[in-house]
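Novice: Shown below is the structure under consideration.
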Amino acid sequence: MTADLRVGFGVDVHAFEVGDHVMLGGVRIAHDRGIKAHSDGDVLLHALCDALLGATGLGDIGQHFPDSDPRWRGADSADLLRSVCEQVAARGFKVINVDMTLLAEAPKLAPHRARIVTRVAELLGIEADRVNVKATTTEKLGFLGRAEGLAAQATVLLHRA
Ligand code: MG
């Protein structure tokens, strides 16, 4: 019998606003801007949630946690991810690996990469070597290049026994 593998892809974008930190991959990072969002605006975790929901055919993060619902105001994205993981696990899926990309001029990912990998692995309940986080600038082009916000992409591979 062939293996039941599912791939999922997610994208998220948030604008900067006045503030002193951003949340990335469940890690608080000091920055000279904050993130404008209904939740804590963690683009890495939001893209990851969408990738997991996509792989399991469960729609998207907006359907599960609508920004019109006051319940999710200021929500910790780690809680959103935990909820998504419960739904993924309830359908018998396990995460094989996760690959995420932050698109940003700043903050730089490198000093925080290890902590983010550890945190995401812990939230997903998998080994850290199954989680990859990378970053790119957009060579100063577009809204990301002008440092107007942050974007992230995530790909996951799931397996159902
Ligand atoms: Mg978002």
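Chains: A, B, ... in order of the structure tokens. Residues: from 1 per chain. Ligands: from 1, in order shown.
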For ligand 1, list the contacting residues at 7 Å or closer, counting only C-alpha atoms and all ligand atoms, as a list in words.
Specialist: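 Here is the list of contacting residues: Asp12, Val13, His14, Gly41, Asp42, Val43 and His46 of chain A.
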Novice: DSSP on the backbone, strand (DSSP E or B) only: what residues of chain A does that give? Format it as a VMD selection string.
Specialist: chain A and resid 4 to 17 21 to 24 27 to 30 34 to 36 93 to 103 131 to 136 149 to 160
Novice: Which residues are close to segment 71-74 of chain A, i.e. within 8 Å by only C-alpha atoms, leaving aside same-chain residues fewer than 3 positions away? Reply as a list of chain:residue names.
Specialist: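 The residues that qualify are A:Ala37, A:His38, A:Ser39, A:Asp40, A:Phe65, A:Pro66, A:Asp67.
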Novice: Output N, CA, C and O atoms for every residue in that selection, as a PDB file, in the first residue's frame.
Specialist:
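Saved to out26.pdb:
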ATOM      1  N   ALA A  37      -1.749  43.687  13.902  1.00  0.00           N
ATOM      2  CA  ALA A  37      -2.467  42.425  13.710  1.00  0.00           C
ATOM      3  C   ALA A  37      -3.548  42.281  14.767  1.00  0.00           C
ATOM      4  O   ALA A  37      -3.481  42.901  15.833  1.00  0.00           O
ATOM      5  N   HIS A  38      -4.529  41.449  14.456  1.00  0.00           N
ATOM      6  CA  HIS A  38      -5.583  41.132  15.425  1.00  0.00           C
ATOM      7  C   HIS A  38      -5.000  40.248  16.529  1.00  0.00           C
ATOM      8  O   HIS A  38      -5.284  40.416  17.696  1.00  0.00           O
ATOM      9  N   SER A  39      -4.161  39.294  16.105  1.00  0.00           N
ATOM     10  CA  SER A  39      -3.457  38.423  17.058  1.00  0.00           C
ATOM     11  C   SER A  39      -2.090  39.042  17.333  1.00  0.00           C
ATOM     12  O   SER A  39      -1.892  40.230  17.127  1.00  0.00           O
ATOM     13  N   ASP A  40      -1.121  38.240  17.741  1.00  0.00           N
ATOM     14  CA  ASP A  40       0.229  38.766  17.952  1.00  0.00           C
ATOM     15  C   ASP A  40       1.004  38.930  16.642  1.00  0.00           C
ATOM     16  O   ASP A  40       2.144  39.385  16.649  1.00  0.00           O
ATOM     17  N   PHE A  65      -9.903  30.906  12.898  1.00  0.00           N
ATOM     18  CA  PHE A  65      -9.699  31.965  13.903  1.00  0.00           C
ATOM     19  C   PHE A  65     -10.009  33.314  13.266  1.00  0.00           C
ATOM     20  O   PHE A  65      -9.107  34.127  13.039  1.00  0.00           O
ATOM     21  N   PRO A  66     -11.290  33.599  12.959  1.00  0.00           N
ATOM     22  CA  PRO A  66     -11.630  34.824  12.220  1.00  0.00           C
ATOM     23  C   PRO A  66     -11.225  36.088  12.984  1.00  0.00           C
ATOM     24  O   PRO A  66     -11.392  36.162  14.203  1.00  0.00           O
ATOM     25  N   ASP A  67     -10.678  37.065  12.237  1.00  0.00           N
ATOM     26  CA  ASP A  67     -10.218  38.285  12.909  1.00  0.00           C
ATOM     27  C   ASP A  67     -11.392  39.175  13.297  1.00  0.00           C
ATOM     28  O   ASP A  67     -11.206  40.230  13.911  1.00  0.00           O
TER      29      ASP A  67
END
Novice: What lies within 7 Å of segment 90-95 of chain A using only C-alpha atoms, ignoring chain neighbours under 4 positions off, as a list in words?
Specialist: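 Result of the neighbour search: Glu86, Leu157, Leu158, His159 and Arg160 of chain A.
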Novice: Wanna dump the segment 27-121 of chain A-segment 126-139 of chain A contacts at 6 Å for me, each residue with its shortest atom pair and the distance in Å to one decimal, counting only C-alpha atoms, ordered by chain and number, as JSON lines?
Specialist:
{"residue": "A:Asn97", "atom": "CA", "partner": "A:Arg130", "partner_atom": "CA", "distance": 4.6}
{"residue": "A:Val98", "atom": "CA", "partner": "A:Val131", "partner_atom": "CA", "distance": 4.9}
{"residue": "A:Asp99", "atom": "CA", "partner": "A:Asn132", "partner_atom": "CA", "distance": 4.8}
{"residue": "A:Met100", "atom": "CA", "partner": "A:Val133", "partner_atom": "CA", "distance": 4.9}
{"residue": "A:Thr101", "atom": "CA", "partner": "A:Lys134", "partner_atom": "CA", "distance": 4.8}
{"residue": "A:Leu102", "atom": "CA", "partner": "A:Ala135", "partner_atom": "CA", "distance": 4.5}
{"residue": "A:Leu103", "atom": "CA", "partner": "A:Thr136", "partner_atom": "CA", "distance": 5.1}
{"residue": "A:Ala104", "atom": "CA", "partner": "A:Thr137", "partner_atom": "CA", "distance": 5.0}
{"residue": "A:Glu105", "atom": "CA", "partner": "A:Thr137", "partner_atom": "CA", "distance": 5.0}
{"residue": "A:Thr118", "atom": "CA", "partner": "A:Ala128", "partner_atom": "CA", "distance": 5.9}
{"residue": "A:Ala121", "atom": "CA", "partner": "A:Ala128", "partner_atom": "CA", "distance": 5.1}
Novice: Separation of atom CA of Asp60 of chain A and atom CA of Gly125 of chain A, in Å?
Specialist: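 According to the coordinates, atom CA of Asp60 of chain A and atom CA of Gly125 of chain A are separated by 21.2 Å.
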Novice: Would you mind telling me which residue in A:Leu80, A:Gly149, A:His31, A:His21 lies nearest to Ile61 of chain A when using only C-alpha atoms?
Specialist: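 Result for the nearest residue to Ile61 of chain A: A:Leu80.
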Novice: Closest to Gly34 of chain A among A:Ala51, A:Ala15, A:Ala154, A:Ala3, using only C-alpha atoms?
Specialist: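 Looking at the shortest contact to Gly34 of chain A, the residue is A:Ala15.
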Novice: Which of these residues is nearest to Val84 of chain A, using only C-alpha atoms: A:Ile96, A:Ala30, A:Leu123, A:Ala114?
Specialist: A:Leu123
Novice: How would you write, as a VMD selection string, the set of residues in chain A that DSSP gives as alpha helix (DSSP H)?
Specialist: chain A and resid 43 to 55 61 to 64 77 to 90 113 to 124 142 to 145
Novice: Need the shell around Gly54 of chain A: protein/DNA/RNA residues with any atom at most 8 Å away, counting only C-alpha atoms. Skip same-chain ones fewer than 3 positions apart. Format as an MDAnalysis selection string?
Specialist: chainID A and resid 7:10 50:51 57:60
Novice: Any chance you can output those residues with N, CA, C and O atoms as an mmCIF file, in the first residue's frame?
Specialist:
data_model
loop_
_atom_site.group_PDB
_atom_site.id
_atom_site.type_symbol
_atom_site.label_atom_id
_atom_site.label_comp_id
_atom_site.auth_asym_id
_atom_site.auth_seq_id
_atom_site.Cartn_x
_atom_site.Cartn_y
_atom_site.Cartn_z
ATOM 1 N N VAL A 7 1.226 17.214 1.391
ATOM 2 C CA VAL A 7 2.030 18.430 1.443
ATOM 3 C C VAL A 7 1.105 19.624 1.643
ATOM 4 O O VAL A 7 -0.037 19.616 1.176
ATOM 5 N N GLY A 8 1.567 20.620 2.362
ATOM 6 C CA GLY A 8 0.775 21.833 2.559
ATOM 7 C C GLY A 8 1.665 23.051 2.483
ATOM 8 O O GLY A 8 2.861 22.989 2.815
ATOM 9 N N PHE A 9 1.073 24.160 2.041
ATOM 10 C CA PHE A 9 1.833 25.396 1.859
ATOM 11 C C PHE A 9 1.061 26.555 2.481
ATOM 12 O O PHE A 9 -0.167 26.610 2.356
ATOM 13 N N GLY A 10 1.753 27.454 3.137
ATOM 14 C CA GLY A 10 1.095 28.611 3.742
ATOM 15 C C GLY A 10 1.895 29.878 3.547
ATOM 16 O O GLY A 10 3.127 29.837 3.461
ATOM 17 N N ASP A 50 -1.373 27.677 8.303
ATOM 18 C CA ASP A 50 -2.033 27.530 7.008
ATOM 19 C C ASP A 50 -1.489 26.328 6.233
ATOM 20 O O ASP A 50 -2.236 25.644 5.542
ATOM 21 N N ALA A 51 -0.192 26.080 6.354
ATOM 22 C CA ALA A 51 0.392 24.915 5.674
ATOM 23 C C ALA A 51 -0.186 23.623 6.256
ATOM 24 O O ALA A 51 -0.533 22.693 5.510
ATOM 25 N N GLY A 57 -6.499 19.466 4.392
ATOM 26 C CA GLY A 57 -7.769 19.806 3.750
ATOM 27 C C GLY A 57 -8.736 20.516 4.676
ATOM 28 O O GLY A 57 -9.961 20.387 4.539
ATOM 29 N N LEU A 58 -8.199 21.268 5.621
ATOM 30 C CA LEU A 58 -9.042 21.907 6.637
ATOM 31 C C LEU A 58 -9.203 23.408 6.418
ATOM 32 O O LEU A 58 -9.525 24.145 7.348
ATOM 33 N N GLY A 59 -8.947 23.863 5.191
ATOM 34 C CA GLY A 59 -9.194 25.277 4.902
ATOM 35 C C GLY A 59 -8.036 26.166 5.273
ATOM 36 O O GLY A 59 -6.881 25.826 5.021
ATOM 37 N N ASP A 60 -8.343 27.309 5.920
ATOM 38 C CA ASP A 60 -7.272 28.248 6.253
ATOM 39 C C ASP A 60 -7.487 28.868 7.629
ATOM 40 O O ASP A 60 -8.533 28.702 8.260
#
Novice: Hey, what's within 9 Å of Leu124 of chain A if we count only C-alpha atoms and toss same-chain stuff fewer than 6 positions away? As a list of chain:residue names, please?
Specialist: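 Near Leu124 of chain A, the qualifying residues are A:Leu81, A:Arg82, A:Cys85, A:Val95.
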Novice: Restricted to N, CA, C and O atoms, what would the selected residues look like written as a short mmCIF file (atom, residue, chain, number, x, y, z; two decimals), in the first residue's frame?
Specialist:
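Output file result.cif follows:
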data_model
loop_
_atom_site.label_atom_id
_atom_site.label_comp_id
_atom_site.auth_asym_id
_atom_site.auth_seq_id
_atom_site.Cartn_x
_atom_site.Cartn_y
_atom_site.Cartn_z
N LEU A 81 -1.55 27.64 16.88
CA LEU A 81 -0.83 26.48 16.32
C LEU A 81 -1.16 25.21 17.09
O LEU A 81 -1.36 24.15 16.48
N ARG A 82 -1.23 25.31 18.41
CA ARG A 82 -1.60 24.12 19.22
C ARG A 82 -2.97 23.60 18.81
O ARG A 82 -3.17 22.39 18.68
N CYS A 85 -2.66 21.87 15.52
CA CYS A 85 -1.98 20.58 15.69
C CYS A 85 -2.92 19.52 16.25
O CYS A 85 -2.84 18.35 15.87
N VAL A 95 3.60 15.05 11.56
CA VAL A 95 4.45 15.94 10.77
C VAL A 95 5.77 15.24 10.47
O VAL A 95 6.46 14.77 11.39
#
Novice: Please compute the atom CA of Val117 of chain A-atom CA of Leu44 of chain A distance, one decimal, in Å.
Specialist: 11.0 Å
Novice: Which of these residues is nearest to Val88 of chain A, using only C-alpha atoms: A:Leu24, A:Ile35, A:Ala55, A:Ala161?
Specialist: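 Answer, going by the shortest atom-to-atom distance: A:Ala55.
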Novice: What does the distance between atom CA of Gly25 of chain A and atom CA of Arg119 of chain A come to in Å, to one decimal place?
Specialist: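 If I compute the distance from atom CA of Gly25 of chain A to atom CA of Arg119 of chain A, I get 7.0 Å.
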